[in-house]
Amino acid sequence: MCGIVGYIGKKQAFPIIVNGLKRLEYRGYDSAGVALLDSSNNLNVYKKQGKVEEMEKFALKHSTDGCIGIGHTRWATHGEANDVNAHPHINTNGDIAIIHNGIIENYVSLKTALIERGYVFRSQTDTEVIAHLIDDIQKNAKVDLAEAVRLALNEVVGAYAIVVISKNEPDKLIVAKMSSPMVIGFGEDELYVASDGSPLIEHTKKVSYIEDGQMAILHLNGNMEVKNLTDNLPRNLYFEELSFTLEEIEKGGFEHFMMKEIHEQPQAIYNSIRGRMGLEQMKISLGGINQFEGSFRNTERIVIVACGTSWHSALIGKYLFEEFARINVDVEYASEFRYRNPKLSEKDIVIAISQSGETADTKAALELAKQKGALTYGICNVVGSSIARLSDAGSYTHAGPEIGVASTKAFTTQVSLLVLMALQIADIKGTISTSLMNEFLNELDILPKKIEKILESDKYIEKIAKVFQHSTNFLYLGRGYNFPVALEGALKLKEISYIHAEGYPAAEMKHGPIALIDENMPVVVLAPHSTYYDKLLSNVEEVKTRKGRIIAVVTEGDELVKNLAEYVIKIPNTIEALSPILTVIPLQLLAYHIAVLRGCNVDQPRNLAKSVTVE
């Protein structure tokens, strides 16, 4: 959730940290702060409720000198969003500062013990406990900062990525992590710390990811050492290169990242399938499946765990795997799965889907699956992320950086990858004909062009948005492959416009939601040509009879739904199983335009953050 940035080197730290925080603001934007060690070893802390820009203005009224510093942008968990609860947090004497992404589960007991020892707490946060605990250990055990951090974290239960500085040891940053993301960037005799690679890319592409249960000591001369938190033994460093460019995390002329990312979907889908399917050989080749071909051939059950938008793509994956690969599939909310005692065996395959690869619940569900002996397969977008490293095998979606909090290209690339997986497994199992495989591959090849055509309807969809911008409720209806798209369309509208919306299987409407329909209720109906088309037509009639205001997404050439709907958005014809990749585009655009018209912050909707790294 929260974003952290740190710098130690020869340059002025403040502009580096502030620019980094602005790139990480999608992870949380309730408050922001920095702590800087100046040339006289003074520790200056500046923090403000609101966006990074507010903190920056405040800090620039004071001294921002210093070549060592840490910064934080907050998504509030413990304690409301205000100046006092903003990070960094300091110890009583003001000589230690800490920033933290995560949740300390046993902070109440630790806080109680520290208060009994005379410590005074300024904030309502769990993070402040760590600052006082480090201070307490240093005083009593007479150890240096790094050892005090290590000992303190051995008393902590929870998830964290932390960075600590002290004016008493002004030549180092101490970094540690457990279940929250952390990446170290390597420059010329300088080091960077961040929650992900986006703040680093303008400075360096050389990075290293420290693992759970590890700490790193970053020195002013550019050296770094990594140790285990438990036994203090040294660990090796493994270097990687960031796989995206600075241009990819800029808006590129669009007003919002969300609209940019909607328009990037043709290229993103092309990237997700490129090199993985051969039209000449009519074959699909995913490295993770190739590695465990026997397991996929013989498994009788796949369990997919995910959250939010990824859960919706997982539902489509269920339809794909069951129809074409003939494998039983369960789709689970990761947040529920991790706390159950699910029946799993070494014959099962558990697929975890996460855009960031850091989603706390999905990661925990994956760890549970590994404990039970299941083969684990990760689908994520961020190279080097925790889920990618934890899984036995997996595939990247290659969507490129997604900055907008409301996922768009993450969804369509996840579905595209699930299509490839289903088809390859079907081919391995011999449950798909050559002719149908050829049809799918040829259609996948031209799908990006079809999305480009849908994007040409943007102005028309904006006109529809103007009509319904003041609505207080929406109903989204779909059947089969497009029922999960109805859920996704409703989620997008809720996330960014704050309008209540529900997605429903169209046939279930008469079992309750039909009572809500009147002349004020917009009903978005997903009605492309499909197996369910005639049945869905009846559902549309039922809405029409009750004076619901119908917005229909239909296949080009459709005349029947067109005559019933108030507004019609046309999409190109495609294979039914691929239709979700097309039908979702108009819903993304509709949600976007309604949110903009309502004056909402599209890229940073209230109460949300991009990467949910806490429970």
# chains A, B, ... in the order shown; residues from 1 in each chain; ligands from 1
call {"tool": "closest_atom_pairs", "arguments": {"of": "segment 247-348 of chain A", "to": "segment 379-393 of chain A", "cutoff": "9 Å", "atoms": "only C-alpha atoms", "output": "tab-separated table"}}
result
residue	atom	partner	partner_atom	distance
A:Gly287	CA	A:Ala393	CA	8.2
A:Gly288	CA	A:Ala393	CA	4.9
A:Ile289	CA	A:Ala393	CA	7.7
A:Gln291	CA	A:Ala393	CA	7.6
A:Phe292	CA	A:Ala393	CA	8.1
call {"tool": "residues_around", "arguments": {"residues": "Gly28 of chain A", "least_positions_apart": "3", "cutoff": "6 Å", "atoms": "only C-alpha atoms", "output": "list in words"}}
result
Cys2, Glu25, Thr73, Arg74, Trp75 and Ala609 of chain A
call {"tool": "write_last_selection", "arguments": {"atoms": "N, CA, C and O atoms", "output": "PDB file, in the first residue's frame"}}
result
ATOM      1  N   CYS A   2       1.396   1.658   1.163  1.00  0.00           N
ATOM      2  CA  CYS A   2       2.190   2.882   1.255  1.00  0.00           C
ATOM      3  C   CYS A   2       3.414   2.815   0.347  1.00  0.00           C
ATOM      4  O   CYS A   2       3.895   1.734   0.012  1.00  0.00           O
ATOM      5  N   GLU A  25       2.781   7.691  -5.611  1.00  0.00           N
ATOM      6  CA  GLU A  25       1.591   8.194  -4.940  1.00  0.00           C
ATOM      7  C   GLU A  25       0.366   7.312  -5.189  1.00  0.00           C
ATOM      8  O   GLU A  25      -0.597   7.341  -4.419  1.00  0.00           O
ATOM      9  N   THR A  73       4.794   8.030   1.377  1.00  0.00           N
ATOM     10  CA  THR A  73       3.438   8.465   1.043  1.00  0.00           C
ATOM     11  C   THR A  73       2.482   7.412   1.578  1.00  0.00           C
ATOM     12  O   THR A  73       2.666   6.218   1.336  1.00  0.00           O
ATOM     13  N   ARG A  74       1.484   7.837   2.330  1.00  0.00           N
ATOM     14  CA  ARG A  74       0.738   6.937   3.221  1.00  0.00           C
ATOM     15  C   ARG A  74      -0.654   6.583   2.713  1.00  0.00           C
ATOM     16  O   ARG A  74      -1.375   7.429   2.183  1.00  0.00           O
ATOM     17  N   TRP A  75      -0.997   5.326   2.900  1.00  0.00           N
ATOM     18  CA  TRP A  75      -2.382   4.850   2.855  1.00  0.00           C
ATOM     19  C   TRP A  75      -2.716   4.447   4.274  1.00  0.00           C
ATOM     20  O   TRP A  75      -2.155   3.502   4.811  1.00  0.00           O
ATOM     21  N   ALA A 609      -5.736   2.203  -2.835  1.00  0.00           N
ATOM     22  CA  ALA A 609      -4.323   2.254  -3.212  1.00  0.00           C
ATOM     23  C   ALA A 609      -4.085   1.148  -4.223  1.00  0.00           C
ATOM     24  O   ALA A 609      -4.858   0.190  -4.314  1.00  0.00           O
TER      25      ALA A 609
END
call {"tool": "closest_residue", "arguments": {"among": "A:Met258, A:Val405, A:Ile217, A:Ile210", "to": "Leu191 of chain A", "atoms": "only C-alpha atoms"}}
result
A:Ile217
call {"tool": "atom_distance", "arguments": {"atom1": "atom CA of Ile353 of chain A", "atom2": "atom CA of Arg340 of chain A"}}
result
18.8 Å
call {"tool": "residues_around", "arguments": {"residues": "segment 418-423 of chain A", "least_positions_apart": "5", "cutoff": "9 Å", "atoms": "only C-alpha atoms", "output": "ChimeraX atom specification"}}
result
/A:273,276-277,284-286,289,313-314,316-317,320-325,379,413,428,432,437,440,577-578
call {"tool": "residues_around", "arguments": {"residues": "segment 442-450 of chain A", "least_positions_apart": "3", "cutoff": "8 Å", "atoms": "only C-alpha atoms", "output": "number ranges by chain"}}
result
A: 265-267, 269-270, 279, 438-439, 453-454, 571-572, 574-575, 582
call {"tool": "residues_around", "arguments": {"residues": "Ala486 of chain A", "least_positions_apart": "4", "cutoff": "9 Å", "atoms": "only C-alpha atoms", "output": "list in words"}}
result
Leu475, Tyr476, Leu477, Gly478, Arg479, Asn482, Ala490, Leu491, Glu502, Gly503, Tyr504, Pro505, Val524, Val525, Leu526, Val584 and Leu587 of chain A
call {"tool": "closest_residue", "arguments": {"among": "A:Leu537, A:Leu43, A:Ile162, A:Leu516", "to": "His72 of chain A", "atoms": "only C-alpha atoms"}}
result
A:Ile162
call {"tool": "atom_distance", "arguments": {"atom1": "atom CA of Lys318 of chain A", "atom2": "atom CA of Val331 of chain A"}}
result
7.0 Å
call {"tool": "residues_around", "arguments": {"residues": "Val561 of chain A", "least_positions_apart": "4", "cutoff": "10 Å", "atoms": "only C-alpha atoms", "output": "list in words"}}
result
Val525, Ala527, Pro528, Tyr533, Leu536, Leu537, Ser538, Val540, Glu541, Ile550, Ile551, Ala552, Val553, Val554, Thr555, Ala565, Glu566, Tyr567 and Val568 of chain A
call {"tool": "atom_distance", "arguments": {"atom1": "atom CA of Ser497 of chain A", "atom2": "atom CA of Gly599 of chain A"}}
result
8.5 Å
